[in-house]
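File shown: my_file17.tsv (TSV, C-alpha atoms and all ligand atoms).
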chain	number	residue	atom	x	y	z
B	937	MET	CA	-14.07	15.69	16.91
B	938	TYR	CA	-14.19	11.94	17.55
B	939	HIS	CA	-11.26	9.53	17.77
B	940	VAL	CA	-10.89	6.46	15.55
B	941	SER	CA	-8.98	3.18	15.85
B	942	ILE	CA	-8.21	0.14	13.76
B	943	ILE	CA	-10.11	-2.74	15.40
B	944	GLY	CA	-9.41	-5.53	12.89
B	945	THR	CA	-7.28	-6.47	9.89
B	946	GLY	CA	-7.38	-9.13	7.18
B	947	SER	CA	-5.59	-9.99	3.97
B	948	TYR	CA	-5.55	-12.33	1.02
B	949	VAL	CA	-3.03	-13.37	-1.63
B	950	PRO	CA	-3.71	-15.73	-4.54
B	951	GLU	CA	-2.21	-19.21	-4.41
B	952	ARG	CA	-0.22	-19.07	-7.64
B	953	VAL	CA	3.43	-18.13	-7.11
B	954	LEU	CA	5.41	-16.56	-9.96
B	955	SER	CA	9.11	-16.88	-9.18
B	956	ASN	CA	12.04	-14.94	-10.61
B	957	HIS	CA	13.24	-18.20	-12.08
B	958	HIS	CA	9.97	-18.58	-13.99
B	959	LEU	CA	10.09	-14.96	-15.18
B	960	SER	CA	13.59	-15.45	-16.50
B	961	LYS	CA	12.11	-17.98	-18.94
B	962	MET	CA	9.52	-15.46	-20.10
B	963	VAL	CA	11.71	-12.34	-20.62
B	964	ASP	CA	15.41	-11.47	-20.79
B	965	THR	CA	16.05	-11.18	-17.05
B	966	SER	CA	17.60	-13.16	-14.19
B	967	ASP	CA	16.91	-14.03	-10.57
B	968	ARG	CA	20.09	-12.17	-9.64
B	969	TRP	CA	19.14	-8.93	-11.46
B	970	ILE	CA	15.66	-8.89	-9.93
B	971	ILE	CA	16.87	-9.57	-6.38
B	972	GLU	CA	19.72	-7.07	-6.55
B	973	ARG	CA	17.67	-4.27	-8.15
B	974	THR	CA	14.33	-4.79	-6.38
B	975	GLY	CA	14.59	-7.27	-3.48
B	976	ILE	CA	11.79	-9.37	-5.00
B	977	ARG	CA	12.05	-13.20	-5.16
B	978	GLU	CA	8.47	-14.08	-6.03
B	979	ARG	CA	5.00	-12.59	-6.36
B	980	ARG	CA	1.42	-13.93	-6.34
B	981	ILE	CA	-0.70	-13.96	-9.48
B	982	ALA	CA	-4.51	-14.11	-9.39
B	983	GLY	CA	-6.38	-16.88	-11.16
B	984	GLU	CA	-8.57	-16.21	-14.22
B	985	GLU	CA	-11.69	-15.97	-12.08
B	986	GLU	CA	-10.13	-13.81	-9.40
B	987	THR	CA	-10.52	-10.03	-9.50
B	988	ASN	CA	-9.75	-7.09	-7.25
B	989	THR	CA	-13.32	-7.55	-5.98
B	990	THR	CA	-13.05	-11.25	-5.09
B	991	MET	CA	-9.66	-10.74	-3.41
B	992	GLY	CA	-10.88	-7.65	-1.53
B	993	MET	CA	-13.95	-9.53	-0.38
B	994	ILE	CA	-11.89	-12.31	1.23
B	995	ALA	CA	-9.60	-9.77	2.92
B	996	LEU	CA	-12.63	-7.88	4.24
B	997	GLN	CA	-14.29	-11.06	5.49
B	998	ARG	CA	-11.12	-11.88	7.43
B	999	ALA	CA	-10.94	-8.34	8.84
B	1000	ILE	CA	-14.59	-8.53	9.98
B	1001	GLN	CA	-13.85	-11.84	11.74
B	1002	ASN	CA	-10.68	-10.43	13.26
B	1003	ALA	CA	-12.56	-7.36	14.55
B	1004	GLY	CA	-15.30	-9.59	15.99
B	1005	ILE	CA	-18.11	-7.48	14.53
B	1006	ARG	CA	-21.19	-8.33	12.49
B	1007	PRO	CA	-21.12	-7.31	8.78
B	1008	GLU	CA	-24.28	-5.21	9.32
B	1009	GLU	CA	-22.34	-2.93	11.67
B	1010	ILE	CA	-20.30	-1.51	8.75
B	1011	GLU	CA	-21.75	1.83	7.66
B	1012	SER	CA	-19.43	2.73	4.77
B	1013	LEU	CA	-17.01	0.83	2.49
B	1014	VAL	CA	-14.03	2.65	0.97
B	1015	ILE	CA	-11.82	0.77	-1.49
B	1016	GLY	CA	-8.39	1.83	-2.71
B	1017	THR	CA	-7.92	0.14	-6.08
B	1018	ASN	CA	-6.79	0.73	-9.66
B	1019	THR	CA	-8.00	-2.40	-11.36
B	1020	THR	CA	-11.81	-2.51	-11.30
B	1021	GLU	CA	-13.00	-4.12	-14.55
B	1022	PRO	CA	-14.87	-2.43	-16.13
B	1023	VAL	CA	-14.21	0.86	-14.36
B	1024	TRP	CA	-17.89	1.11	-13.31
B	1025	PRO	CA	-19.58	0.12	-11.13
B	1026	SER	CA	-17.33	0.24	-8.08
B	1027	SER	CA	-15.67	-2.99	-6.97
B	1028	GLY	CA	-17.61	-2.67	-3.67
B	1029	GLY	CA	-21.12	-3.69	-4.79
B	1030	PRO	CA	-20.47	-7.45	-4.92
B	1031	MET	CA	-18.60	-7.23	-1.60
B	1032	VAL	CA	-21.59	-5.58	0.11
B	1033	GLU	CA	-23.92	-8.29	-1.23
B	1034	GLY	CA	-21.54	-11.21	-0.85
B	1035	LEU	CA	-20.61	-10.49	2.76
B	1036	GLY	CA	-24.07	-9.47	3.97
B	1037	LEU	CA	-23.29	-5.81	4.64
B	1038	ARG	CA	-26.31	-3.49	4.80
B	1039	LYS	CA	-27.39	-2.93	1.20
B	1040	ASP	CA	-27.93	0.83	1.63
B	1041	ILE	CA	-24.40	1.75	2.74
B	1042	PRO	CA	-22.18	3.92	0.55
B	1043	PHE	CA	-19.38	2.07	-1.25
B	1044	PHE	CA	-16.83	3.53	-3.66
B	1045	ASP	CA	-13.42	3.07	-5.25
B	1046	VAL	CA	-10.59	5.53	-4.58
B	1047	GLN	CA	-8.23	5.52	-7.56
B	1048	ALA	CA	-4.93	7.16	-6.66
B	1049	GLY	CA	-2.29	4.78	-8.00
B	1050	CYS	CA	-0.45	2.76	-5.36
B	1051	THR	CA	-1.29	5.49	-2.79
B	1052	GLY	CA	-4.94	4.37	-2.98
B	1053	PHE	CA	-4.95	2.72	0.44
B	1054	ASN	CA	-3.43	5.80	2.15
B	1055	TYR	CA	-6.06	8.00	0.48
B	1056	ALA	CA	-8.94	5.61	1.28
B	1057	LEU	CA	-7.84	5.35	4.90
B	1058	ALA	CA	-7.67	9.15	5.25
B	1059	ILE	CA	-11.18	9.55	3.79
B	1060	ALA	CA	-12.58	6.90	6.13
B	1061	GLU	CA	-10.68	8.32	9.13
B	1062	ASN	CA	-12.14	11.77	8.57
B	1063	SER	CA	-15.68	10.48	8.08
B	1064	ILE	CA	-15.52	8.94	11.57
B	1065	LYS	CA	-13.75	11.92	13.14
B	1066	ALA	CA	-16.48	14.19	11.76
B	1067	GLY	CA	-19.15	12.04	13.40
B	1068	GLN	CA	-20.68	10.79	10.13
B	1069	TYR	CA	-20.09	7.10	10.87
B	1070	THR	CA	-19.08	4.82	13.75
B	1071	THR	CA	-17.72	1.83	11.81
B	1072	VAL	CA	-16.09	1.94	8.36
B	1073	ALA	CA	-14.30	-0.74	6.33
B	1074	VAL	CA	-11.27	0.18	4.21
B	1075	ILE	CA	-9.79	-2.14	1.59
B	1076	GLY	CA	-6.69	-1.98	-0.61
B	1077	THR	CA	-6.94	-4.48	-3.46
B	1078	ASP	CA	-5.36	-4.80	-6.88
B	1079	LYS	CA	-4.93	-7.27	-9.70
B	1080	LEU	CA	-1.96	-5.66	-11.42
B	1081	SER	CA	-1.31	-8.84	-13.40
B	1082	ALA	CA	-4.35	-7.85	-15.52
B	1083	ILE	CA	-2.57	-4.68	-16.71
B	1084	THR	CA	1.02	-5.96	-16.79
B	1085	ASN	CA	2.76	-6.67	-20.07
B	1086	TYR	CA	4.61	-9.96	-19.56
B	1087	GLN	CA	6.87	-9.11	-22.49
B	1088	ASP	CA	8.18	-5.94	-20.84
B	1089	ARG	CA	11.00	-6.91	-18.47
B	1090	SER	CA	11.22	-3.42	-16.99
B	1091	THR	CA	7.77	-3.76	-15.37
B	1092	CYS	CA	6.66	-7.41	-15.30
B	1093	VAL	CA	9.23	-8.45	-12.71
B	1094	LEU	CA	7.83	-5.96	-10.19
B	1095	PHE	CA	4.13	-6.59	-9.85
B	1096	GLY	CA	1.85	-9.05	-8.09
B	1097	ASP	CA	-1.75	-9.34	-6.87
B	1098	GLY	CA	-3.43	-9.29	-3.46
B	1099	ALA	CA	-5.68	-7.51	-0.99
B	1100	GLY	CA	-5.75	-6.20	2.57
B	1101	ALA	CA	-8.48	-4.69	4.72
B	1102	VAL	CA	-8.96	-2.84	8.00
B	1103	ILE	CA	-12.03	-2.10	10.10
B	1104	LEU	CA	-12.12	1.36	11.67
B	1105	ARG	CA	-14.31	2.28	14.60
B	1106	ARG	CA	-15.00	5.39	16.65
B	1107	SER	CA	-12.99	5.02	19.85
B	1108	ASP	CA	-11.74	6.63	23.05
B	1109	GLN	CA	-8.14	6.20	21.87
B	1110	ASP	CA	-6.45	8.41	19.29
B	1111	GLY	CA	-5.70	5.50	16.91
B	1112	LEU	CA	-5.62	7.15	13.47
B	1113	ILE	CA	-3.84	10.29	14.58
B	1114	ARG	CA	-3.65	12.09	11.24
B	1115	SER	CA	-3.01	11.68	7.53
B	1116	TYR	CA	-1.01	13.71	5.06
B	1117	LEU	CA	-1.85	13.41	1.35
B	1118	GLY	CA	-0.25	14.95	-1.70
B	1119	GLY	CA	-0.15	14.91	-5.47
B	1120	ASN	CA	2.26	15.91	-8.17
B	1121	ALA	CA	0.53	16.60	-11.46
B	1122	GLY	CA	2.18	18.17	-14.49
B	1123	SER	CA	5.17	16.46	-16.10
B	1124	ARG	CA	5.31	13.75	-13.41
B	1125	ASN	CA	1.76	12.73	-14.36
B	1126	LEU	CA	3.19	10.85	-17.33
B	1127	LEU	CA	5.92	8.91	-15.54
B	1128	LEU	CA	3.60	6.05	-14.61
B	1129	LEU	CA	0.45	5.40	-16.59
B	1130	ILE	CA	-1.61	2.90	-18.53
B	1131	LYS	CA	-0.99	2.81	-22.26
B	1132	LYS	CA	-3.46	1.06	-24.54
B	1133	ASN	CA	-0.87	-0.56	-26.83
B	1134	GLY	CA	-3.56	-2.66	-28.52
B	1135	SER	CA	-4.62	-4.56	-25.38
B	1136	PRO	CA	-8.22	-4.22	-24.09
B	1137	ASN	CA	-7.24	-2.90	-20.65
B	1138	GLY	CA	-3.89	-1.35	-21.60
B	1139	TYR	CA	-0.59	-2.03	-19.86
B	1140	ILE	CA	1.44	-0.30	-17.17
B	1141	SER	CA	4.11	1.94	-18.66
B	1142	MET	CA	6.70	3.47	-16.37
B	1143	GLU	CA	9.84	5.59	-16.42
B	1144	GLY	CA	11.24	3.49	-13.60
B	1145	ARG	CA	14.36	5.45	-12.74
B	1146	LYS	CA	12.50	8.79	-12.47
B	1147	VAL	CA	9.78	7.21	-10.32
B	1148	TYR	CA	12.50	5.66	-8.17
B	1149	ILE	CA	14.17	9.01	-7.46
B	1150	PHE	CA	10.85	10.69	-6.72
B	1151	ALA	CA	9.68	7.81	-4.51
B	1152	LYS	CA	12.73	7.78	-2.25
B	1153	ARG	CA	12.51	11.54	-1.61
B	1154	ILE	CA	8.73	11.69	-1.17
B	1155	MET	CA	8.65	8.77	1.27
B	1156	VAL	CA	10.95	10.66	3.61
B	1157	GLU	CA	9.06	13.94	3.19
B	1158	SER	CA	5.64	12.33	3.67
B	1159	CYS	CA	6.75	10.65	6.92
B	1160	LEU	CA	8.23	13.87	8.28
B	1161	ARG	CA	5.12	15.89	7.31
B	1162	VAL	CA	2.71	13.46	8.96
B	1163	LEU	CA	4.81	13.73	12.14
B	1164	ASP	CA	5.13	17.53	11.84
B	1165	PRO	CA	2.09	18.78	9.88
B	1166	ALA	CA	3.03	22.45	10.18
B	1167	GLY	CA	6.49	21.70	8.80
B	1168	THR	CA	8.08	23.95	11.41
B	1169	ALA	CA	10.03	21.47	13.58
B	1170	GLY	CA	13.82	21.75	13.62
B	1171	LYS	CA	16.19	18.81	13.24
B	1172	SER	CA	16.25	17.81	16.92
B	1173	GLU	CA	12.44	18.04	17.25
B	1174	LEU	CA	12.01	15.94	14.09
B	1175	ARG	CA	14.50	13.44	15.39
B	1176	ALA	CA	12.60	13.15	18.69
B	1177	LEU	CA	9.30	12.67	16.82
B	1178	PHE	CA	10.85	10.07	14.52
B	1179	GLU	CA	12.33	8.16	17.47
B	1180	GLN	CA	8.83	7.67	18.89
B	1181	VAL	CA	7.79	5.73	15.77
B	1182	ASP	CA	8.01	1.97	16.28
B	1183	LYS	CA	7.61	0.81	12.68
B	1184	ILE	CA	7.10	2.25	9.21
B	1185	ILE	CA	4.98	0.24	6.78
B	1186	PRO	CA	5.91	1.54	3.34
B	1187	HIS	CA	4.40	0.79	-0.04
B	1188	GLN	CA	6.38	-2.22	-1.25
B	1189	ALA	CA	7.69	-1.01	-4.62
B	1190	ASN	CA	11.41	-1.73	-4.33
B	1191	ALA	CA	13.58	-2.78	-1.36
B	1192	ARG	CA	16.22	-0.28	-2.50
B	1193	ILE	CA	13.70	2.58	-2.35
B	1194	ILE	CA	12.74	1.54	1.20
B	1195	MET	CA	16.33	1.13	2.41
B	1196	GLY	CA	17.38	4.30	0.56
B	1197	ALA	CA	14.67	6.25	2.37
B	1198	ALA	CA	15.84	4.77	5.69
B	1199	GLU	CA	19.41	5.91	4.98
B	1200	GLU	CA	18.09	9.37	4.19
B	1201	PHE	CA	16.27	9.52	7.55
B	1202	GLU	CA	19.50	8.51	9.27
B	1203	SER	CA	21.60	11.16	7.55
B	1204	ARG	CA	18.99	13.96	7.72
B	1205	LEU	CA	18.10	13.41	11.37
B	1206	GLY	CA	21.58	12.39	12.56
B	1207	LEU	CA	20.42	8.93	13.66
B	1208	PRO	CA	22.78	6.04	14.34
B	1209	ASP	CA	23.32	3.73	11.37
B	1210	GLY	CA	20.54	1.12	11.26
B	1211	GLU	CA	18.01	2.91	13.47
B	1212	ALA	CA	15.66	3.85	10.62
B	1213	LYS	CA	16.37	0.65	8.67
B	1214	GLU	CA	15.19	-1.43	11.62
B	1215	LYS	CA	11.86	0.38	11.60
B	1216	MET	CA	11.07	-0.59	8.01
B	1217	ILE	CA	8.59	-3.44	7.46
B	1218	MET	CA	9.27	-5.38	4.24
B	1219	THR	CA	7.13	-8.02	2.55
B	1220	ILE	CA	8.39	-7.32	-0.96
B	1221	GLU	CA	10.64	-10.39	-1.18
B	1222	GLN	CA	7.63	-12.72	-1.11
B	1223	TYR	CA	4.86	-10.61	-2.63
B	1224	GLY	CA	6.43	-7.95	-4.90
B	1225	ASN	CA	4.50	-4.76	-5.52
B	1226	ASN	CA	0.77	-5.40	-5.29
B	1227	SER	CA	-0.17	-1.72	-5.39
B	1228	CYS	CA	-3.04	-0.71	-3.07
B	1229	ALA	CA	-2.79	-4.06	-1.28
B	1230	SER	CA	0.81	-3.71	-0.23
B	1231	ILE	CA	0.37	-1.66	2.96
B	1232	PRO	CA	-2.72	-3.37	4.45
B	1233	LEU	CA	-1.25	-6.78	3.53
B	1234	ALA	CA	2.03	-5.91	5.26
B	1235	LEU	CA	0.11	-4.59	8.28
B	1236	ASP	CA	-1.94	-7.77	8.63
B	1237	LEU	CA	1.08	-10.05	8.20
B	1238	SER	CA	3.14	-7.97	10.65
B	1239	ILE	CA	0.45	-8.23	13.31
B	1240	ARG	CA	0.20	-12.00	12.82
B	1241	GLU	CA	3.97	-12.41	12.95
B	1242	GLY	CA	4.28	-10.20	16.04
B	1243	LYS	CA	6.42	-7.60	14.26
B	1244	VAL	CA	3.95	-4.92	15.33
B	1245	LYS	CA	1.72	-4.99	18.37
B	1246	LYS	CA	-1.08	-3.10	20.08
B	1247	GLY	CA	0.07	0.32	21.21
B	1248	ASP	CA	2.82	0.66	18.59
B	1249	LEU	CA	3.16	3.97	16.77
B	1250	LEU	CA	3.19	3.29	13.01
B	1251	ILE	CA	3.47	5.25	9.79
B	1252	PHE	CA	1.91	3.89	6.59
B	1253	VAL	CA	3.60	5.65	3.68
B	1254	GLY	CA	2.83	5.31	-0.01
B	1255	PHE	CA	3.42	6.77	-3.47
B	1256	GLY	CA	2.23	5.91	-6.93
B	1257	ALA	CA	0.80	6.90	-10.29
B	1258	GLY	CA	-0.25	10.52	-10.41
B	1259	LEU	CA	2.28	10.93	-9.00
B	1260	THR	CA	0.45	10.76	-5.69
B	1261	TYR	CA	1.83	10.24	-2.19
B	1262	GLY	CA	0.67	10.11	1.39
B	1263	ALA	CA	1.24	8.93	4.94
B	1264	ASN	CA	-0.99	7.95	7.85
B	1265	LEU	CA	0.18	8.18	11.48
B	1266	VAL	CA	-1.42	5.38	13.48
B	1267	ARG	CA	-1.34	4.22	17.11
B	1268	LEU	CA	-2.33	0.56	16.81
V	1301	LIG	O1	4.37	1.29	-7.28
V	1301	LIG	C1	5.04	2.45	-7.58
V	1301	LIG	C2	5.62	2.47	-8.91
V	1301	LIG	N1	6.83	1.79	-9.19
V	1301	LIG	C3	8.02	2.04	-8.63
V	1301	LIG	O2	8.16	2.66	-7.62
V	1301	LIG	C4	9.24	1.52	-9.31
V	1301	LIG	C5	10.37	2.51	-9.25
V	1301	LIG	N2	11.51	2.12	-10.02
V	1301	LIG	C6	12.29	1.04	-9.74
V	1301	LIG	O3	12.00	0.32	-8.80
V	1301	LIG	C7	13.53	0.81	-10.55
V	1301	LIG	O4	13.80	1.96	-11.32
V	1301	LIG	C8	13.44	-0.44	-11.47
V	1301	LIG	C9	13.45	-1.71	-10.63
V	1301	LIG	C10	12.18	-0.39	-12.31
V	1301	LIG	C11	14.64	-0.49	-12.39
V	1301	LIG	O5	15.85	-0.52	-11.62
V	1301	LIG	P1	17.03	0.53	-11.96
V	1301	LIG	O6	18.12	0.23	-11.03
V	1301	LIG	O7	16.42	1.90	-11.89
V	1301	LIG	O8	17.45	0.13	-13.41
V	1301	LIG	P2	17.39	0.99	-14.76
V	1301	LIG	O9	15.97	1.26	-15.17
V	1301	LIG	O10	18.30	2.15	-14.62
V	1301	LIG	O11	18.00	-0.04	-15.79
V	1301	LIG	C12	19.35	-0.54	-15.67
V	1301	LIG	C13	19.57	-1.60	-16.72
V	1301	LIG	C14	19.10	-1.17	-18.11
V	1301	LIG	O12	20.01	-1.71	-19.04
V	1301	LIG	P3	21.17	-0.79	-19.66
V	1301	LIG	O13	20.47	0.34	-20.35
V	1301	LIG	O14	22.01	-0.34	-18.50
V	1301	LIG	O15	21.90	-1.73	-20.59
V	1301	LIG	C15	17.77	-1.89	-18.29
V	1301	LIG	O16	17.45	-2.14	-19.62
V	1301	LIG	O17	18.81	-2.77	-16.40
V	1301	LIG	C16	18.04	-3.17	-17.54
V	1301	LIG	N3	16.84	-3.85	-17.06
V	1301	LIG	C17	16.82	-5.16	-16.78
V	1301	LIG	N4	17.77	-6.12	-16.86
V	1301	LIG	C18	17.44	-7.36	-16.49
V	1301	LIG	C19	15.63	-3.32	-16.80
V	1301	LIG	N5	14.80	-4.28	-16.35
V	1301	LIG	C20	15.52	-5.43	-16.34
V	1301	LIG	C21	15.22	-6.74	-15.95
V	1301	LIG	N6	16.22	-7.67	-16.05
V	1301	LIG	N7	14.02	-7.11	-15.48

Conversion result in structure tokens:
Amino acid sequence: MYHVSIIGTGSYVPERVLSNHHLSKMVDTSDRWIIERTGIRERRIAGEEETNTTMGMIALQRAIQNAGIRPEEIESLVIGTNTTEPVWPSSGGPMVEGLGLRKDIPFFDVQAGCTGFNYALAIAENSIKAGQYTTVAVIGTDKLSAITNYQDRSTCVLFGDGAGAVILRRSDQDGLIRSYLGGNAGSRNLLLLIKKNGSPNGYISMEGRKVYIFAKRIMVESCLRVLDPAGTAGKSELRALFEQVDKIIPHQANARIIMGAAEEFESRLGLPDGEAKEKMIMTIEQYGNNSCASIPLALDLSIREGKVKKGDLLIFVGFGAGLTYGANLVRL
């Protein structure tokens, strides 16, 4: 089996800022409620002409530049997204053409709710580990504003738009160590879905509180399972594994979910107060929940801001509609 590393990252957010203040003029909400309940102050909203494809393309272009490779070196393009319009063809075709990638490479969307980037990364990781490819591009991109009902205060305050990308390459280092993916069909399948409600694309409909409870628990479990795939480690072994992790980059759905999960790590593993909280990367205050983009965007920003650095051990952990969940253990 081959090893694989992340050799470049890039991201993009639209220029338009939608603040809590502005939202409070659109629906019955307030800056205070949104900050206290979610940690979000503002989010970015794509322009009319912008799509998950155009945003993903800019993020990928930046990742290619950052990796210092030529576009023709990319052999496969995997895109985590939920907002391709229309659903076919994949959002990747225009990216391949627009960025001068080889026209015969495979490109496809992975639709797994907000866990789409974790899933896409795992697929790409395994294609390199198996020896199928040497260089693969992975994108997380979403335009949730296109499927958000701006008359529904329980959802419209949460979501924003954006994109992030990584370039993976076969390497001597064990960069993408392993991934752990899961799903939760059945009754939970209906907790977060698109309902038509007379609009052409439909709108996001969510039982927020139930998703919240699930999300906090599954974030902790996904992180522990990616550290201990057999699920056999005792408390002290898990604690030792967790202490080796430098930072956790979680899906940015709600600051309270992220901090709640950190508290659960601390109580379950007997860690000093604050040790898990300090590991959590948060971009939610500025960008809200931009679905598949949230993890690769946070990764790219964290690298630029020096919050994570080469050699750090990271966990990317996500959850979303399905309900799906997953984590990737990465040595940067
Ligand atoms: O990407 C993955 C998918 N999404 C998520 O992970 C989101 C998970 N869920 C959440 O983040 C939280 O459940 C929410 C932020 C959506 C809601 O926060 P909450 O603390 O769970 O509030 P709640 O749903 O229990 O509602 C509390 C109150 C309700 O009023 P009453 O019934 O107590 O009078 C809501 O109607 O807050 C009300 N409310 C609002 N008030 C002002 C709901 N949304 C708003 C709002 N502004 N925007």

Of B:Gly975, B:Pro950, B:Gly1100, B:Gly1167, the one nearest to ligand LIG 1301 (chain V) when counting only C-alpha atoms and all ligand atoms is B:Gly975

- Query: Which polymer residues have any atom within 8 Å of an atom of stretch 962-973 of chain B, counting all atoms listed in the file, with same-chain residues fewer than 3 positions away left out, as a PyMOL selection string?
  - Reply: chain B and resi 956-959+976-977+1086-1089+1093+1190+1192

Write a file of the just-selected residues containing C-alpha atoms, as a CSV table (one decimal), keeping the file's coordinate frame.
chain,number,residue,atom,x,y,z
B,956,ASN,CA,12.0,-14.9,-10.6
B,957,HIS,CA,13.2,-18.2,-12.1
B,958,HIS,CA,10.0,-18.6,-14.0
B,959,LEU,CA,10.1,-15.0,-15.2
B,976,ILE,CA,11.8,-9.4,-5.0
B,977,ARG,CA,12.0,-13.2,-5.2
B,1086,TYR,CA,4.6,-10.0,-19.6
B,1087,GLN,CA,6.9,-9.1,-22.5
B,1088,ASP,CA,8.2,-5.9,-20.8
B,1089,ARG,CA,11.0,-6.9,-18.5
B,1093,VAL,CA,9.2,-8.4,-12.7
B,1190,ASN,CA,11.4,-1.7,-4.3
B,1192,ARG,CA,16.2,-0.3,-2.5

Q.
With 12 Å as the threshold, what does the neighbourhood of (-8.1, -11.0, -9.7) contain in terms of residues, counting only C-alpha atoms? Coordinates are those of the file; answer as a ChimeraX atom specification.
A. /B:948-952,980-994,1017-1021,1027,1077-1083,1096-1099,1226

Inset, instruction - Excluding stretch 1248-1257 of chain B and any residue of its chain fewer than 6 positions from it, enumerate the residues within 8 Å of it, using all atoms listed in the file, and give them as a PyMOL selection string. - result: chain B and resi 1048-1051+1054+1125+1127-1129+1151+1154-1155+1158-1159+1180-1187+1231+1263-1268

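Between atom CA of B:Arg1161 and atom P1 of ligand LIG 1301 (chain V) there is a distance of 27.4 Å.
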
Starting from 3 Å padding per side, set up an axis-aligned box that covers all listed atoms of ligand LIG 1301 (chain V) and hand over centre and edge lengths in Å, one decimal, as AutoDock Vina command-line options.
--center_x 13.2 --center_y -2.5 --center_z -13.9 --size_x 23.6 --size_y 16.3 --size_z 19.3

Query - Closest of B:Arg1240, B:Arg1006, B:Lys1213, B:Lys1065 to B:Gly1111 - atom-to-atom distances counting all atoms listed in the file - result: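 Nearest to B:Gly1111: B:Lys1065.
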
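Take atom CA of B:Ile1194 and atom CA of B:Ala1060: the distance between them is 26.3 Å.
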
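The spacing separating atom CA of B:Pro1022 from atom CA of B:Arg998 amounts to 25.7 Å.
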
With distances taken over only C-alpha atoms and all ligand atoms, which of B:Leu1160, B:Ile1217, B:Ala1197, B:Cys1092 is nearest to ligand LIG 1301 (chain V)?
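Closest residue, counting only C-alpha atoms and all ligand atoms: B:Cys1092.
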
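Using all atoms listed in the file, the shortest contact distance between ligand LIG 1301 (chain V) and any of B:Arg1153, B:Lys1215, B:Lys1146, B:His939 is found at B:Lys1146.
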
Calculated over all atoms listed in the file, which of the candidates B:Thr1071, B:Thr1084, B:Gln1001, B:Thr974 has the smallest distance to B:Thr945?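 The shortest atom-to-atom distance to B:Thr945 comes from B:Gln1001.
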
Supply stretch 1152-1162 of chain B as a PDB file, in the coordinates of the input, with N, CA, C and O atoms built in where the input has gaps.
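Dumped to out_37.pdb:
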ATOM      1  N   LYS B1152      11.841   7.784  -3.414  1.00  0.00           N
ATOM      2  CA  LYS B1152      12.730   7.780  -2.250  1.00  0.00           C
ATOM      3  C   LYS B1152      12.616   9.116  -1.485  1.00  0.00           C
ATOM      4  O   LYS B1152      12.500   9.149  -0.269  1.00  0.00           O
ATOM      5  N   ARG B1153      12.593  10.216  -2.241  1.00  0.00           N
ATOM      6  CA  ARG B1153      12.510  11.540  -1.610  1.00  0.00           C
ATOM      7  C   ARG B1153      11.140  11.743  -0.949  1.00  0.00           C
ATOM      8  O   ARG B1153      11.054  12.183   0.196  1.00  0.00           O
ATOM      9  N   ILE B1154      10.070  11.364  -1.668  1.00  0.00           N
ATOM     10  CA  ILE B1154       8.730  11.690  -1.170  1.00  0.00           C
ATOM     11  C   ILE B1154       8.347  10.817   0.021  1.00  0.00           C
ATOM     12  O   ILE B1154       7.555  11.230   0.869  1.00  0.00           O
ATOM     13  N   MET B1155       8.928   9.607   0.089  1.00  0.00           N
ATOM     14  CA  MET B1155       8.650   8.770   1.270  1.00  0.00           C
ATOM     15  C   MET B1155       9.156   9.439   2.524  1.00  0.00           C
ATOM     16  O   MET B1155       8.471   9.469   3.551  1.00  0.00           O
ATOM     17  N   VAL B1156      10.358   9.988   2.440  1.00  0.00           N
ATOM     18  CA  VAL B1156      10.950  10.660   3.610  1.00  0.00           C
ATOM     19  C   VAL B1156      10.115  11.900   3.949  1.00  0.00           C
ATOM     20  O   VAL B1156       9.717  12.107   5.107  1.00  0.00           O
ATOM     21  N   GLU B1157       9.804  12.705   2.929  1.00  0.00           N
ATOM     22  CA  GLU B1157       9.060  13.940   3.190  1.00  0.00           C
ATOM     23  C   GLU B1157       7.676  13.670   3.741  1.00  0.00           C
ATOM     24  O   GLU B1157       7.212  14.361   4.650  1.00  0.00           O
ATOM     25  N   SER B1158       7.002  12.645   3.204  1.00  0.00           N
ATOM     26  CA  SER B1158       5.640  12.330   3.670  1.00  0.00           C
ATOM     27  C   SER B1158       5.665  11.910   5.144  1.00  0.00           C
ATOM     28  O   SER B1158       4.795  12.309   5.930  1.00  0.00           O
ATOM     29  N   CYS B1159       6.653  11.091   5.516  1.00  0.00           N
ATOM     30  CA  CYS B1159       6.750  10.650   6.920  1.00  0.00           C
ATOM     31  C   CYS B1159       6.997  11.851   7.828  1.00  0.00           C
ATOM     32  O   CYS B1159       6.371  11.981   8.895  1.00  0.00           O
ATOM     33  N   LEU B1160       7.903  12.732   7.418  1.00  0.00           N
ATOM     34  CA  LEU B1160       8.230  13.870   8.280  1.00  0.00           C
ATOM     35  C   LEU B1160       7.031  14.822   8.379  1.00  0.00           C
ATOM     36  O   LEU B1160       6.746  15.367   9.447  1.00  0.00           O
ATOM     37  N   ARG B1161       6.277  14.979   7.271  1.00  0.00           N
ATOM     38  CA  ARG B1161       5.120  15.890   7.310  1.00  0.00           C
ATOM     39  C   ARG B1161       3.972  15.314   8.141  1.00  0.00           C
ATOM     40  O   ARG B1161       3.227  16.066   8.760  1.00  0.00           O
ATOM     41  N   VAL B1162       3.819  14.002   8.155  1.00  0.00           N
ATOM     42  CA  VAL B1162       2.710  13.460   8.960  1.00  0.00           C
ATOM     43  C   VAL B1162       3.073  13.553  10.455  1.00  0.00           C
ATOM     44  O   VAL B1162       2.195  13.682  11.307  1.00  0.00           O
TER      45      VAL B1162
END
